>>> print(open('entry08.txt').read())   # compact mmCIF, C-alpha atoms
# COMPACT_ATOMS: atom_id res chain seq x y z
CA MET A 146 0.00 0.00 0.00
CA SER A 147 2.52 2.43 -1.30
CA SER A 148 1.31 5.88 -2.31
CA HIS A 149 -1.32 6.69 0.29
CA ARG A 150 -1.98 5.56 3.80
CA PRO A 151 -4.14 2.44 3.91
CA THR A 152 -7.71 2.95 4.95
CA GLU A 153 -9.04 1.39 8.15
CA ILE A 154 -10.76 -1.38 6.20
CA GLU A 155 -7.61 -2.10 4.21
CA ASP A 156 -5.61 -2.39 7.43
CA GLN A 157 -8.23 -4.72 8.84
CA ALA A 158 -8.32 -6.86 5.68
CA HIS A 159 -4.52 -7.09 5.61
CA ALA A 160 -4.37 -8.17 9.25
CA GLU A 161 -7.06 -10.79 8.67
CA ALA A 162 -5.25 -12.17 5.63
CA VAL A 163 -1.99 -12.37 7.56
CA ARG A 164 -3.73 -14.32 10.32
CA TYR A 165 -5.61 -16.58 7.91
CA PHE A 166 -2.56 -17.43 5.79
CA ALA A 167 -0.05 -17.43 8.68
CA GLU A 168 1.13 -20.97 8.02
CA GLN A 169 1.89 -20.28 4.37
CA LEU A 170 3.59 -16.98 5.26
CA ASN A 171 5.79 -19.01 7.55
CA GLN A 172 6.50 -21.95 5.24
CA PHE A 173 7.08 -20.13 1.94
CA PRO A 174 10.22 -18.17 2.90
CA ALA A 175 11.77 -21.27 4.44
CA SER A 176 11.13 -23.29 1.28
CA ARG A 177 12.33 -20.47 -1.00
CA ASP A 178 15.52 -20.03 1.04
CA ALA A 179 16.17 -23.78 0.97
CA VAL A 180 15.94 -23.72 -2.84
CA LYS A 181 18.26 -20.68 -2.98
CA ARG A 182 20.81 -22.48 -0.84
CA LEU A 183 20.51 -25.54 -3.02
CA GLU A 184 21.18 -23.46 -6.15
CA ARG A 185 24.15 -21.81 -4.50
CA ASP A 186 25.63 -25.07 -3.17
CA ILE A 187 25.24 -27.43 -6.12
CA ALA A 188 29.01 -27.84 -6.56
CA LYS A 189 29.56 -28.33 -2.84
CA ILE A 190 26.76 -30.89 -2.59
CA SER A 191 28.06 -32.75 -5.63
CA LEU A 192 31.49 -33.02 -4.02
CA ALA A 193 29.88 -34.19 -0.79
CA ILE A 194 27.93 -36.92 -2.59
CA LEU A 195 31.07 -38.04 -4.42
CA ALA A 196 32.92 -38.21 -1.11
CA ALA A 197 30.06 -40.14 0.48
CA SER A 198 30.08 -42.65 -2.37
CA GLN A 199 33.77 -43.39 -1.66
CA ARG A 200 33.08 -44.37 1.94
CA PRO A 201 32.31 -47.97 2.96
CA LEU A 202 28.64 -48.86 2.52
CA ASP A 203 26.44 -48.54 5.57
CA ALA A 204 23.98 -51.20 6.59
CA ASN A 205 20.77 -49.35 5.78
CA PRO A 206 20.09 -48.94 2.09
CA ILE A 207 17.05 -46.97 0.95
CA VAL A 208 14.66 -49.01 -1.14
CA THR A 209 12.71 -46.84 -3.56
CA ASP A 210 9.24 -47.40 -4.98
CA ASP A 211 10.71 -49.04 -8.09
CA GLY A 212 12.45 -51.65 -5.93
CA THR A 213 16.01 -50.40 -6.39
CA GLN A 214 18.44 -49.97 -3.47
CA TRP A 215 20.28 -46.69 -2.86
CA ARG A 216 22.76 -45.35 -0.35
CA LYS A 217 21.90 -42.12 1.38
CA GLY A 218 24.40 -39.39 0.51
CA VAL A 219 23.30 -35.88 1.42
CA GLU A 220 20.08 -34.58 2.99
CA LEU A 221 18.78 -31.63 0.97
CA PHE A 222 15.55 -30.87 2.84
CA ASP A 223 13.72 -32.75 5.56
CA ASN A 224 13.13 -36.25 4.17
CA VAL A 225 14.66 -35.39 0.78
CA PHE A 226 18.04 -36.97 0.05
CA VAL A 227 20.58 -37.24 -2.72
CA CYS A 228 21.33 -40.95 -3.01
CA TYR A 229 23.77 -42.99 -5.05
CA ARG A 230 24.31 -46.56 -6.14
CA GLN A 231 26.79 -48.49 -8.17
CA THR A 232 25.61 -50.26 -11.30
CA MET A 233 27.34 -52.39 -13.90
CA THR A 234 27.90 -49.26 -15.97
CA GLY A 235 29.02 -46.91 -13.18
CA SER A 236 27.56 -44.66 -10.49
CA GLU A 237 23.98 -43.46 -10.55
CA TYR A 238 22.53 -40.59 -8.52
CA ALA A 239 18.97 -39.80 -7.48
CA VAL A 240 17.01 -37.32 -5.42
CA VAL A 241 14.69 -39.36 -3.20
CA GLU A 242 11.87 -38.18 -0.94
CA ARG A 243 10.66 -40.23 1.99
CA PHE A 244 6.92 -39.86 2.49
CA PRO A 245 5.18 -40.26 5.86
CA SER A 246 3.83 -43.59 4.65
CA GLY A 247 7.44 -44.85 4.55
CA ILE A 248 7.55 -45.00 0.76
CA ASN A 249 10.72 -43.59 -0.84
CA GLU A 250 10.05 -41.97 -4.15
CA ILE A 251 12.64 -41.05 -6.76
CA TRP A 252 12.18 -37.46 -7.96
CA ILE A 253 14.92 -37.54 -10.53
CA LYS A 254 17.94 -39.71 -11.31
CA GLY A 255 20.93 -39.76 -13.63
CA ARG A 256 24.61 -40.54 -14.10
CA ASN A 257 25.87 -37.04 -13.34
CA ALA A 258 25.31 -35.68 -9.81
CA VAL A 259 25.52 -32.04 -10.93
CA ASP A 260 22.95 -32.55 -13.68
CA VAL A 261 20.60 -34.36 -11.28
CA LEU A 262 20.85 -31.52 -8.78
CA LYS A 263 20.38 -28.85 -11.46
CA ALA A 264 17.25 -30.56 -12.79
CA PHE A 265 15.88 -31.00 -9.27
CA THR A 266 16.54 -27.34 -8.46
CA LYS A 267 14.75 -26.23 -11.63
CA ASP A 268 11.71 -28.29 -10.59
CA GLN A 269 11.78 -26.68 -7.14
CA ARG A 270 11.75 -23.19 -8.69
CA GLN A 271 8.72 -24.15 -10.76
CA ALA A 272 6.98 -25.54 -7.67
CA LEU A 273 7.58 -22.23 -5.85
CA GLN A 274 6.08 -20.40 -8.84
CA ILE A 275 2.97 -22.62 -8.71
CA TRP A 276 2.71 -21.90 -4.99
CA THR A 277 2.95 -18.13 -5.56
CA GLU A 278 0.25 -18.23 -8.25
CA ASP A 279 -2.01 -20.30 -6.00
CA MET A 280 -1.40 -17.96 -3.06
CA THR A 281 -2.46 -15.03 -5.27
CA ALA A 282 -5.68 -16.83 -6.21
CA GLN A 283 -6.40 -17.90 -2.62
CA LEU A 284 -5.89 -14.34 -1.41
CA LYS A 285 -8.18 -12.85 -4.06
CA GLU A 286 -10.89 -15.35 -3.13
CA PHE A 287 -10.46 -14.63 0.58
CA LEU A 288 -10.68 -10.85 0.12
CA ALA A 289 -13.60 -11.04 -2.31
CA GLU A 290 -15.60 -13.21 0.09
CA LYS A 291 -14.77 -11.16 3.19
CA TYR A 292 -15.08 -7.74 1.60
CA PRO A 293 -17.46 -7.97 -1.35
CA GLY A 294 -17.71 -4.78 -3.35
CA HIS A 295 -14.47 -3.31 -1.97
CA ASP A 296 -11.37 -2.69 -4.03
CA MET A 297 -8.76 -4.72 -2.18
CA SER A 298 -6.06 -4.51 -4.83
CA ARG A 299 -3.68 -2.56 -2.59
CA VAL A 300 -4.16 -5.09 0.20
CA ALA A 301 -3.43 -7.93 -2.20
CA GLU A 302 -0.34 -6.18 -3.54
CA SER A 303 1.01 -5.50 -0.07
CA PHE A 304 0.28 -9.01 1.17
CA LEU A 305 1.87 -10.70 -1.84
CA HIS A 306 4.97 -8.54 -1.49
CA ARG A 307 5.23 -9.70 2.10
CA PHE A 308 4.63 -13.32 1.02
CA THR A 309 7.36 -13.39 -1.60
CA HIS A 310 9.92 -11.19 0.16
CA ALA A 311 9.53 -12.20 3.81
CA GLU A 312 12.64 -13.25 5.67
CA THR A 313 12.79 -16.72 7.14
CA ARG A 314 11.57 -16.36 10.71
CA ASN A 315 13.32 -19.34 12.21
CA HIS A 316 16.44 -20.71 10.62
CA GLN A 317 16.04 -24.00 12.41
CA GLN A 318 12.60 -24.79 11.06
CA ASN A 319 11.68 -27.33 8.42
CA GLN A 320 13.19 -26.93 4.97
CA SER A 321 15.71 -24.39 6.18
CA ARG A 322 18.61 -26.54 7.22
CA GLY A 323 21.99 -26.53 5.63
CA VAL A 324 23.46 -29.44 3.75
CA ARG A 325 24.16 -32.45 5.95
CA VAL A 326 26.23 -35.41 4.93
CA MET B 31 -1.09 -40.91 8.34
CA GLU B 32 -4.57 -39.48 8.15
CA THR B 33 -6.70 -40.67 5.33
CA VAL B 34 -9.39 -39.01 3.30
CA PRO B 35 -12.62 -39.46 5.30
CA HIS B 36 -14.60 -42.37 3.94
CA PRO B 37 -18.02 -41.39 2.60
CA GLU B 38 -19.79 -43.87 4.88
CA THR B 39 -18.29 -42.29 7.97
CA GLN B 40 -19.55 -38.84 7.05
CA SER B 41 -22.87 -37.63 8.33
CA ALA B 42 -25.76 -37.91 5.93
CA LYS B 43 -26.18 -34.15 6.27
CA THR B 44 -22.58 -33.54 5.11
CA PRO B 45 -22.22 -34.00 1.36
CA GLU B 46 -19.09 -35.76 0.19
CA ARG B 47 -16.33 -33.35 -0.77
CA LEU B 48 -15.31 -33.50 -4.40
CA ALA B 49 -12.09 -31.57 -3.99
CA TYR B 50 -9.76 -30.11 -1.37
CA SER B 51 -7.56 -27.02 -1.15
CA VAL B 52 -3.79 -27.47 -1.12
CA GLN B 53 -3.82 -26.76 2.61
CA GLU B 54 -6.35 -29.53 3.22
CA ALA B 55 -4.49 -31.89 0.89
CA ALA B 56 -1.24 -31.25 2.82
CA ASP B 57 -3.00 -32.01 6.10
CA LEU B 58 -4.58 -35.18 4.74
CA LEU B 59 -1.31 -36.45 3.25
CA GLY B 60 0.71 -35.48 6.32
CA VAL B 61 3.21 -33.40 4.34
CA ASN B 62 4.03 -29.69 4.19
CA TYR B 63 2.73 -27.25 1.58
CA PHE B 64 5.89 -27.36 -0.49
CA SER B 65 5.66 -31.13 -0.85
CA VAL B 66 2.14 -30.78 -2.27
CA TYR B 67 3.20 -28.08 -4.75
CA ARG B 68 6.15 -30.26 -5.76
CA LEU B 69 3.77 -33.16 -6.37
CA VAL B 70 1.66 -30.82 -8.50
CA GLN B 71 4.72 -29.57 -10.41
CA ARG B 72 5.74 -33.14 -11.23
CA GLY B 73 2.23 -34.09 -12.30
CA LYS B 74 2.01 -36.71 -9.54
CA LEU B 75 -1.00 -34.90 -8.16
CA LYS B 76 -3.37 -33.59 -10.80
CA VAL B 77 -5.25 -30.46 -9.83
CA CYS B 78 -8.02 -28.30 -11.22
CA ARG B 79 -8.68 -24.61 -10.76
CA ALA B 80 -11.59 -22.84 -9.09
CA LEU B 81 -13.11 -19.71 -10.59
CA ARG B 82 -10.45 -17.31 -9.32
CA GLY B 83 -7.66 -19.72 -10.19
CA LYS B 84 -7.20 -21.34 -6.77
CA LEU B 85 -5.89 -24.90 -7.03
CA LEU B 86 -8.18 -27.69 -6.00
CA VAL B 87 -7.10 -31.28 -5.52
CA PRO B 88 -9.84 -33.71 -6.58
CA ARG B 89 -10.68 -36.30 -3.96
CA GLU B 90 -10.02 -39.05 -6.49
CA GLU B 91 -6.48 -37.78 -7.05
CA LEU B 92 -5.76 -37.87 -3.32
CA LEU B 93 -7.11 -41.40 -3.08
CA LYS B 94 -5.06 -42.43 -6.10
CA LEU B 95 -1.89 -41.00 -4.55
CA LEU B 96 -2.57 -42.68 -1.22
CA LYS B 97 -3.13 -46.01 -2.97
CA SER B 98 0.04 -45.65 -5.03
CA GLU B 99 1.95 -44.82 -1.83
>>> encode(input="entry08.txt", output="structure tokens")
Amino acid sequence: MSSHRPTEIEDQAHAEAVRYFAEQLNQFPASRDAVKRLERDIAKISLAILAASQRPLDANPIVTDDGTQWRKGVELFDNVFVCYRQTMTGSEYAVVERFPSGINEIWIKGRNAVDVLKAFTKDQRQALQIWTEDMTAQLKEFLAEKYPGHDMSRVAESFLHRFTHAETRNHQQNQSRGVRV
Amino acid sequence: METVPHPETQSAKTPERLAYSVQEAADLLGVNYFSVYRLVQRGKLKVCRALRGKLLVPREELLKLLKSE
């Protein structure tokens, strides 16, 4: 709400939207920052996964939904790992997510760790974009239902700026951890 | 993990939901928002759009995902 002071009803609508979408306002910056860190650290993570693949195998392989066995290399986000395995034709790398059901699903796999990470990162950027578009639509619906007949465009603009530019509140929360090997 | 409420367990006065918001889908699947949007991005969870463009996850898609899990 840039050029003029917000009206009382705009202030009220903004506060209500912040309360209503508090969880998303909290989760989005953490997810965005995790993707930024991933983009920044692709080389470092690739080296870490190569180093991990040189170490002796541990006793707990990850079995993915297609039945293949992988070794856990680096944790990217909570329950999302870069894994590796040796095949007849060389090393293979995959990003695997563990779902609450216990199923491990391969997001992407390939022979080159850097390429796997780059492709995964690109997907994460697209997912953030889908989230932003959905947040915009959710907000418009919320404001239209709560304040029919009012022009809430400045409220929407201000809220969405806060949504996409907010700082991570808690660096220890989900999705915001650094790379762990 | 929570499951999508079975129609028979719902009150007769409560019509069966055809679709859920992303927030509801995340709660039902026991994952965070970003996981749901990632599933959408990969096409693992097919969604439709409400009038203002809000994403809706059809009940059938949630059931399909839970079965495939």
>>> atom_distance(input="entry08.txt", atom1="atom CA of Ser298 of chain A", atom2="atom CA of Glu153 of chain A")
14.6 Å
>>> atom_distance(input="entry08.txt", atom1="atom CA of Ala55 of chain B", atom2="atom CA of Phe222 of chain A")
20.2 Å
>>> closest_residue(input="entry08.txt", among="A:Trp215, A:Phe226, A:Trp276, A:Phe265", to="chain B", atoms="only C-alpha atoms")
A:Trp276
>>> interface_residues(input="entry08.txt", of="chain B", to="chain A", cutoff="9 Å", atoms="only C-alpha atoms", output="list in words")
Met31, Val52, Gln53, Leu59, Gly60, Val61, Asn62, Tyr63, Phe64, Ser65, Val66, Tyr67, Arg68, Leu69, Val70, Gln71, Arg72, Ala80, Leu81, Arg82, Gly83, Lys84, Leu85, Leu96 and Glu99 of chain B
>>> residues_around(input="entry08.txt", residues="Ala311 of chain A", least_positions_apart="5", cutoff="8 Å", atoms="all atoms listed in the file", output="PyMOL selection string")
chain A and resi 170+174+306
>>> atom_distance(input="entry08.txt", atom1="atom CA of Arg200 of chain A", atom2="atom CA of Tyr238 of chain A")
15.3 Å
>>> residues_around(input="entry08.txt", residues="Arg89 of chain B", least_positions_apart="6", cutoff="8 Å", atoms="all atoms listed in the file", output="number ranges by chain")
B: 34, 47-50
>>> build_atoms(input="entry08.txt", residues="segment 147-179 of chain A", atoms="N, CA and C atoms", output="mmCIF file, keeping the file's coordinate frame")
data_model
loop_
_atom_site.group_PDB
_atom_site.id
_atom_site.type_symbol
_atom_site.label_atom_id
_atom_site.label_comp_id
_atom_site.auth_asym_id
_atom_site.auth_seq_id
_atom_site.Cartn_x
_atom_site.Cartn_y
_atom_site.Cartn_z
ATOM 1 N N SER A 147 1.367 1.570 -1.187
ATOM 2 C CA SER A 147 2.520 2.430 -1.300
ATOM 3 C C SER A 147 2.224 3.922 -1.245
ATOM 4 N N SER A 148 1.362 4.431 -2.130
ATOM 5 C CA SER A 148 1.310 5.880 -2.310
ATOM 6 C C SER A 148 0.535 6.621 -1.228
ATOM 7 N N HIS A 149 -0.520 6.026 -0.739
ATOM 8 C CA HIS A 149 -1.320 6.690 0.290
ATOM 9 C C HIS A 149 -1.461 5.769 1.480
ATOM 10 N N ARG A 150 -1.766 6.382 2.605
ATOM 11 C CA ARG A 150 -1.980 5.560 3.800
ATOM 12 C C ARG A 150 -3.136 4.604 3.554
ATOM 13 N N PRO A 151 -3.023 3.369 4.055
ATOM 14 C CA PRO A 151 -4.140 2.440 3.910
ATOM 15 C C PRO A 151 -5.335 2.899 4.727
ATOM 16 N N THR A 152 -6.504 2.610 4.207
ATOM 17 C CA THR A 152 -7.710 2.950 4.950
ATOM 18 C C THR A 152 -7.863 1.960 6.108
ATOM 19 N N GLU A 153 -8.814 2.275 6.991
ATOM 20 C CA GLU A 153 -9.040 1.390 8.150
ATOM 21 C C GLU A 153 -9.438 -0.005 7.690
ATOM 22 N N ILE A 154 -10.283 -0.064 6.667
ATOM 23 C CA ILE A 154 -10.760 -1.380 6.200
ATOM 24 C C ILE A 154 -9.638 -2.155 5.496
ATOM 25 N N GLU A 155 -8.748 -1.424 4.836
ATOM 26 C CA GLU A 155 -7.610 -2.100 4.210
ATOM 27 C C GLU A 155 -6.663 -2.668 5.284
ATOM 28 N N ASP A 156 -6.448 -1.897 6.322
ATOM 29 C CA ASP A 156 -5.610 -2.390 7.430
ATOM 30 C C ASP A 156 -6.215 -3.649 8.039
ATOM 31 N N GLN A 157 -7.533 -3.585 8.236
ATOM 32 C CA GLN A 157 -8.230 -4.720 8.840
ATOM 33 C C GLN A 157 -8.135 -5.949 7.931
ATOM 34 N N ALA A 158 -8.362 -5.737 6.634
ATOM 35 C CA ALA A 158 -8.320 -6.860 5.680
ATOM 36 C C ALA A 158 -6.917 -7.461 5.635
ATOM 37 N N HIS A 159 -5.908 -6.604 5.653
ATOM 38 C CA HIS A 159 -4.520 -7.090 5.610
ATOM 39 C C HIS A 159 -4.208 -7.937 6.845
ATOM 40 N N ALA A 160 -4.624 -7.433 8.003
ATOM 41 C CA ALA A 160 -4.370 -8.170 9.250
ATOM 42 C C ALA A 160 -5.089 -9.516 9.240
ATOM 43 N N GLU A 161 -6.309 -9.518 8.737
ATOM 44 C CA GLU A 161 -7.060 -10.790 8.670
ATOM 45 C C GLU A 161 -6.390 -11.780 7.733
ATOM 46 N N ALA A 162 -5.920 -11.278 6.597
ATOM 47 C CA ALA A 162 -5.250 -12.170 5.630
ATOM 48 C C ALA A 162 -3.970 -12.734 6.223
ATOM 49 N N VAL A 163 -3.230 -11.901 6.937
ATOM 50 C CA VAL A 163 -1.990 -12.370 7.560
ATOM 51 C C VAL A 163 -2.286 -13.476 8.573
ATOM 52 N N ARG A 164 -3.357 -13.279 9.345
ATOM 53 C CA ARG A 164 -3.730 -14.320 10.320
ATOM 54 C C ARG A 164 -4.179 -15.587 9.610
ATOM 55 N N TYR A 165 -5.020 -15.429 8.596
ATOM 56 C CA TYR A 165 -5.610 -16.580 7.910
ATOM 57 C C TYR A 165 -4.539 -17.417 7.182
ATOM 58 N N PHE A 166 -3.574 -16.716 6.579
ATOM 59 C CA PHE A 166 -2.560 -17.430 5.790
ATOM 60 C C PHE A 166 -1.215 -17.529 6.540
ATOM 61 N N ALA A 167 -1.277 -17.468 7.872
ATOM 62 C CA ALA A 167 -0.050 -17.430 8.680
ATOM 63 C C ALA A 167 0.882 -18.612 8.375
ATOM 64 N N GLU A 168 0.299 -19.778 8.232
ATOM 65 C CA GLU A 168 1.130 -20.970 8.020
ATOM 66 C C GLU A 168 1.900 -20.882 6.703
ATOM 67 N N GLN A 169 1.207 -20.413 5.665
ATOM 68 C CA GLN A 169 1.890 -20.280 4.370
ATOM 69 C C GLN A 169 2.931 -19.166 4.404
ATOM 70 N N LEU A 170 2.614 -18.073 5.118
ATOM 71 C CA LEU A 170 3.590 -16.980 5.260
ATOM 72 C C LEU A 170 4.834 -17.465 5.983
ATOM 73 N N ASN A 171 4.663 -18.446 6.822
ATOM 74 C CA ASN A 171 5.790 -19.010 7.550
ATOM 75 C C ASN A 171 6.568 -20.019 6.702
ATOM 76 N N GLN A 172 5.845 -20.853 5.977
ATOM 77 C CA GLN A 172 6.500 -21.950 5.240
ATOM 78 C C GLN A 172 7.158 -21.492 3.930
ATOM 79 N N PHE A 173 6.553 -20.504 3.251
ATOM 80 C CA PHE A 173 7.080 -20.130 1.940
ATOM 81 C C PHE A 173 8.527 -19.627 1.993
ATOM 82 N N PRO A 174 8.844 -18.657 2.875
ATOM 83 C CA PRO A 174 10.220 -18.170 2.900
ATOM 84 C C PRO A 174 11.230 -19.264 3.216
ATOM 85 N N ALA A 175 10.856 -20.177 4.088
ATOM 86 C CA ALA A 175 11.770 -21.270 4.440
ATOM 87 C C ALA A 175 12.038 -22.152 3.225
ATOM 88 N N SER A 176 10.980 -22.448 2.472
ATOM 89 C CA SER A 176 11.130 -23.290 1.280
ATOM 90 C C SER A 176 11.934 -22.558 0.210
ATOM 91 N N ARG A 177 11.611 -21.271 0.008
ATOM 92 C CA ARG A 177 12.330 -20.470 -1.000
ATOM 93 C C ARG A 177 13.830 -20.385 -0.649
ATOM 94 N N ASP A 178 14.122 -20.150 0.635
ATOM 95 C CA ASP A 178 15.520 -20.030 1.040
ATOM 96 C C ASP A 178 16.251 -21.367 0.885
ATOM 97 N N ALA A 179 15.545 -22.452 1.138
ATOM 98 C CA ALA A 179 16.170 -23.780 0.970
ATOM 99 C C ALA A 179 16.529 -24.005 -0.500
#
